[in-house]
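Heads up, the thing below is written out as structure tokens.
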Amino acid sequence: MVGEQEQRVWQVLATVPDPEIPILSVVDLGIVRFVRWKEGALHVGLTPTYSGCPATDVIRRSVREALDEAGYHEAALEETLTPPWTSEWLSPEAHRKLREYGIAPPAPRAISCPRCGSHSTSRLSEFGSTPCKAHYRCEECLEPFDHFKCI
Amino acid sequence: MSAPDLLRYVLRLGDTSLILGQRLGEWVGHAPALEEDLGLGNLALDLIGQARLLLSYAAEIEGRGRDEDALAFLRDAPEFSNLTLAEQPNGDFGRTIVRQWLIDAWQLEVYEALQASTDTRLAGIAAKALQETRYHYRFSSGWLVRLGDGTQESHGRVQESIDALWPFTHELFAADDVEERLAAAGVAPRLDLLEPRWSARVSDALHEATLTRPSKVHFPWHGKHGVHTEHLGHMLGEMQHLQRTYPGAQW
């Protein structure tokens, strides 16, 4: 029974997009740490990707709105820091979506071009347009692309 | 372990991140290349994020109804307890890199050790900050080597910055009573144990960068006790202007 209830909440959360990479949901990102009922009240745990990520506040508001719309008006959002988020928490689904979106998913070695698939790529900048991305270029098709950083 | 000790310690860490982050923010729109502009801006963002976590915690320990914003925007220079090194002006790009690299190397050791703190909140913040700091160190040490082992001009300018900033490094490991009491309680790391690791890391990078390590300086600056160089006041004048002029302004 409780399992089903939680499942429904996870489904609601899976509709909340990341404001900076809207192709990913907060569930894909791995930042929803838990959904649980405690003494009849719903508790949802969120963790930031980067401690200074400006999207964190927006995500919190979007999660609140989605839960409100789904009727979970009393849900308590809890911020958790431990264990710290890592890019390894991105779901396999997230890797696929990122690639389709034109962003190379996190990979410690052999970063491949999301457009042509070549492994011949070089880093242009350790940092990109958002805290979670670095900037790369493909040496085959010569297109620049974003890489979701590994931390 | 007493609450006043813990408060002072958390403020030191938080203020160092905040002040360094604000300094880096001054580069936005002025860095030598777009990539470095993004890089320094991103570092600033991480540092200010870490400062928020630390200053919120400090505000809770203090328990006087202040929040992280009140601590950042409504304290005067003598109430700030950042490392003196963090407030030093940006100078040229090389000077900023040297300052960043010295503090990144320090934060690497401190956060690594703090993960084992008996204060679980602090340990959690440290674990989060450590991931980001590793990335910062890669950026700053990479540039140190490129500039040091670069042209005669870049080598000379970076060496000059190392010589100018080196005196401020003494404070990094000069433990006072607060830090010693917290170390005895397992809350904070023992700075004398961290120094050799920092020192070895710094020497290795200097060697790779073909730069010379200055000799030891024994004069300790006292930023963590609220005694600052004249640069901090000017910086706070800019950083706090809006909140002081329009209290509580939000956008």
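For the structure tokens, the naming scheme is as follows: chains receive sequential letters (A, B, ...) according to their order of presentation, residues are indexed from 1 within each chain, and ligands are indexed from 1 in presentation order.
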
Contact table chain B vs chain A, cut-off 7 Å, shortest pair per residue, only C-alpha atoms, as JSON lines:
{"residue": "B:Glu35", "atom": "CA", "partner": "A:Ser125", "partner_atom": "CA", "distance": 5.6}
{"residue": "B:Leu38", "atom": "CA", "partner": "A:Phe127", "partner_atom": "CA", "distance": 6.1}
{"residue": "B:Gly39", "atom": "CA", "partner": "A:Phe127", "partner_atom": "CA", "distance": 5.1}
{"residue": "B:Asn42", "atom": "CA", "partner": "A:Pro131", "partner_atom": "CA", "distance": 6.0}
{"residue": "B:Leu45", "atom": "CA", "partner": "A:Gly52", "partner_atom": "CA", "distance": 5.1}
{"residue": "B:Asp46", "atom": "CA", "partner": "A:Gly52", "partner_atom": "CA", "distance": 4.5}
{"residue": "B:Ile48", "atom": "CA", "partner": "A:Gly52", "partner_atom": "CA", "distance": 6.2}
{"residue": "B:Gly49", "atom": "CA", "partner": "A:Gly52", "partner_atom": "CA", "distance": 3.5}
{"residue": "B:Gln50", "atom": "CA", "partner": "A:Ser51", "partner_atom": "CA", "distance": 5.8}
{"residue": "B:Gly124", "atom": "CA", "partner": "A:Thr82", "partner_atom": "CA", "distance": 5.3}
{"residue": "B:Ile125", "atom": "CA", "partner": "A:Leu81", "partner_atom": "CA", "distance": 6.9}
{"residue": "B:Ala127", "atom": "CA", "partner": "A:Pro84", "partner_atom": "CA", "distance": 6.5}
{"residue": "B:Lys128", "atom": "CA", "partner": "A:Pro84", "partner_atom": "CA", "distance": 5.2}
{"residue": "B:Gln131", "atom": "CA", "partner": "A:Ile151", "partner_atom": "CA", "distance": 6.2}

What does the file look like for those residues with N, CA and C atoms, as a PDB file, in the first residue's frame?
ATOM      1  N   GLU B  35      36.504  31.682 -22.032  1.00  0.00           N
ATOM      2  CA  GLU B  35      36.561  30.441 -21.249  1.00  0.00           C
ATOM      3  C   GLU B  35      36.961  30.720 -19.804  1.00  0.00           C
ATOM      4  N   LEU B  38      34.153  32.375 -17.862  1.00  0.00           N
ATOM      5  CA  LEU B  38      33.201  31.355 -17.396  1.00  0.00           C
ATOM      6  C   LEU B  38      33.790  30.574 -16.228  1.00  0.00           C
ATOM      7  N   GLY B  39      35.066  30.248 -16.350  1.00  0.00           N
ATOM      8  CA  GLY B  39      35.729  29.458 -15.313  1.00  0.00           C
ATOM      9  C   GLY B  39      35.714  30.178 -13.976  1.00  0.00           C
ATOM     10  N   ASN B  42      32.233  30.485 -12.564  1.00  0.00           N
ATOM     11  CA  ASN B  42      31.753  29.221 -12.007  1.00  0.00           C
ATOM     12  C   ASN B  42      32.392  28.910 -10.658  1.00  0.00           C
ATOM     13  N   LEU B  45      30.667  30.972  -8.126  1.00  0.00           N
ATOM     14  CA  LEU B  45      29.347  30.427  -7.812  1.00  0.00           C
ATOM     15  C   LEU B  45      29.452  29.288  -6.800  1.00  0.00           C
ATOM     16  N   ASP B  46      30.381  28.374  -7.040  1.00  0.00           N
ATOM     17  CA  ASP B  46      30.584  27.258  -6.101  1.00  0.00           C
ATOM     18  C   ASP B  46      30.952  27.791  -4.719  1.00  0.00           C
ATOM     19  N   ILE B  48      30.412  30.729  -3.372  1.00  0.00           N
ATOM     20  CA  ILE B  48      29.319  31.425  -2.701  1.00  0.00           C
ATOM     21  C   ILE B  48      28.264  30.417  -2.248  1.00  0.00           C
ATOM     22  N   GLY B  49      28.085  29.341  -3.022  1.00  0.00           N
ATOM     23  CA  GLY B  49      27.192  28.262  -2.592  1.00  0.00           C
ATOM     24  C   GLY B  49      27.690  27.617  -1.306  1.00  0.00           C
ATOM     25  N   GLN B  50      28.998  27.375  -1.244  1.00  0.00           N
ATOM     26  CA  GLN B  50      29.580  26.791  -0.022  1.00  0.00           C
ATOM     27  C   GLN B  50      29.433  27.762   1.147  1.00  0.00           C
ATOM     28  N   GLY B 124      29.182  16.858   6.395  1.00  0.00           N
ATOM     29  CA  GLY B 124      28.381  16.808   5.172  1.00  0.00           C
ATOM     30  C   GLY B 124      28.714  17.947   4.231  1.00  0.00           C
ATOM     31  N   ILE B 125      28.841  19.151   4.773  1.00  0.00           N
ATOM     32  CA  ILE B 125      29.188  20.322   3.956  1.00  0.00           C
ATOM     33  C   ILE B 125      30.579  20.117   3.347  1.00  0.00           C
ATOM     34  N   ALA B 127      32.124  17.327   2.622  1.00  0.00           N
ATOM     35  CA  ALA B 127      32.118  16.309   1.560  1.00  0.00           C
ATOM     36  C   ALA B 127      31.611  16.911   0.252  1.00  0.00           C
ATOM     37  N   LYS B 128      30.598  17.760   0.369  1.00  0.00           N
ATOM     38  CA  LYS B 128      30.038  18.414  -0.818  1.00  0.00           C
ATOM     39  C   LYS B 128      31.077  19.387  -1.411  1.00  0.00           C
ATOM     40  N   GLN B 131      34.264  17.884  -3.408  1.00  0.00           N
ATOM     41  CA  GLN B 131      34.092  17.521  -4.828  1.00  0.00           C
ATOM     42  C   GLN B 131      34.365  18.727  -5.713  1.00  0.00           C
TER      43      GLN B 131
END

request  = Find the residues around Ile59 (chain A) up to 12 Å (only C-alpha atoms counted), leave out those fewer than 6 positions away in its own chain, and share them as a list in words.
outcome  = Leu13, Thr15, Val16, Pro17, Asp18, Pro19, Glu20, Ile21, Pro22, Leu24, Ser25, Val26, Val27, Leu29, Ile31, Val32, Leu46, Thr47, Pro48, Thr49, Cys53, Glu65, Ala66, Leu77 and Glu79 of chain A

key: Pick from A:Gly45, A:Gly40, A:Pro106, A:Gly71, whichever lies nearest to Arg8 (chain A) using only C-alpha atoms   =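 Ranked by minimum distance to Arg8 (chain A), first place goes to A:Gly71.
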
task = Might you pull out every residue within 8 Å of Val178 (chain B), with only C-alpha atoms counted and same-chain residues fewer than 4 positions away left off, and present them as an NGL selection string?
result = :B and (5 or 8-9 or 182)

query = So, counting only C-alpha atoms, which residue among B:Ala200, B:Val227, B:Ala77, B:Phe93 is closest to His30 (chain B)?
reply =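 Looking only at the distances to His30 (chain B), the closest residue turns out to be B:Phe93.
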
task = Please run DSSP on the backbone and report, as a ChimeraX atom specification, all residues within region 3-144 of chain A that come out as alpha helix (DSSP H).
result = /A:3-13,26-29,55-69,92-101

query = To one decimal place, how far is CA of Arg36 (chain A) from CA of Thr118 (chain B) in Å?
reply = 27.6 Å

query = What is the CA of Ala129 (chain B) to CA of Glu230 (chain B) distance in Å?
reply =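 Separating CA of Ala129 (chain B) from CA of Glu230 (chain B) is a distance of 28.8 Å.
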
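The two atoms in question, CA of Leu142 (chain A) and CA of Arg109 (chain A), are spaced 19.3 Å apart.
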
Close residues, region 85-91 of chain B itself excluded, 6 Å, only C-alpha atoms, min 6 positions apart in chain, as a list in words =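 Close residues of region 85-91 of chain B: Leu20, Phe168 and Leu232 of chain B.
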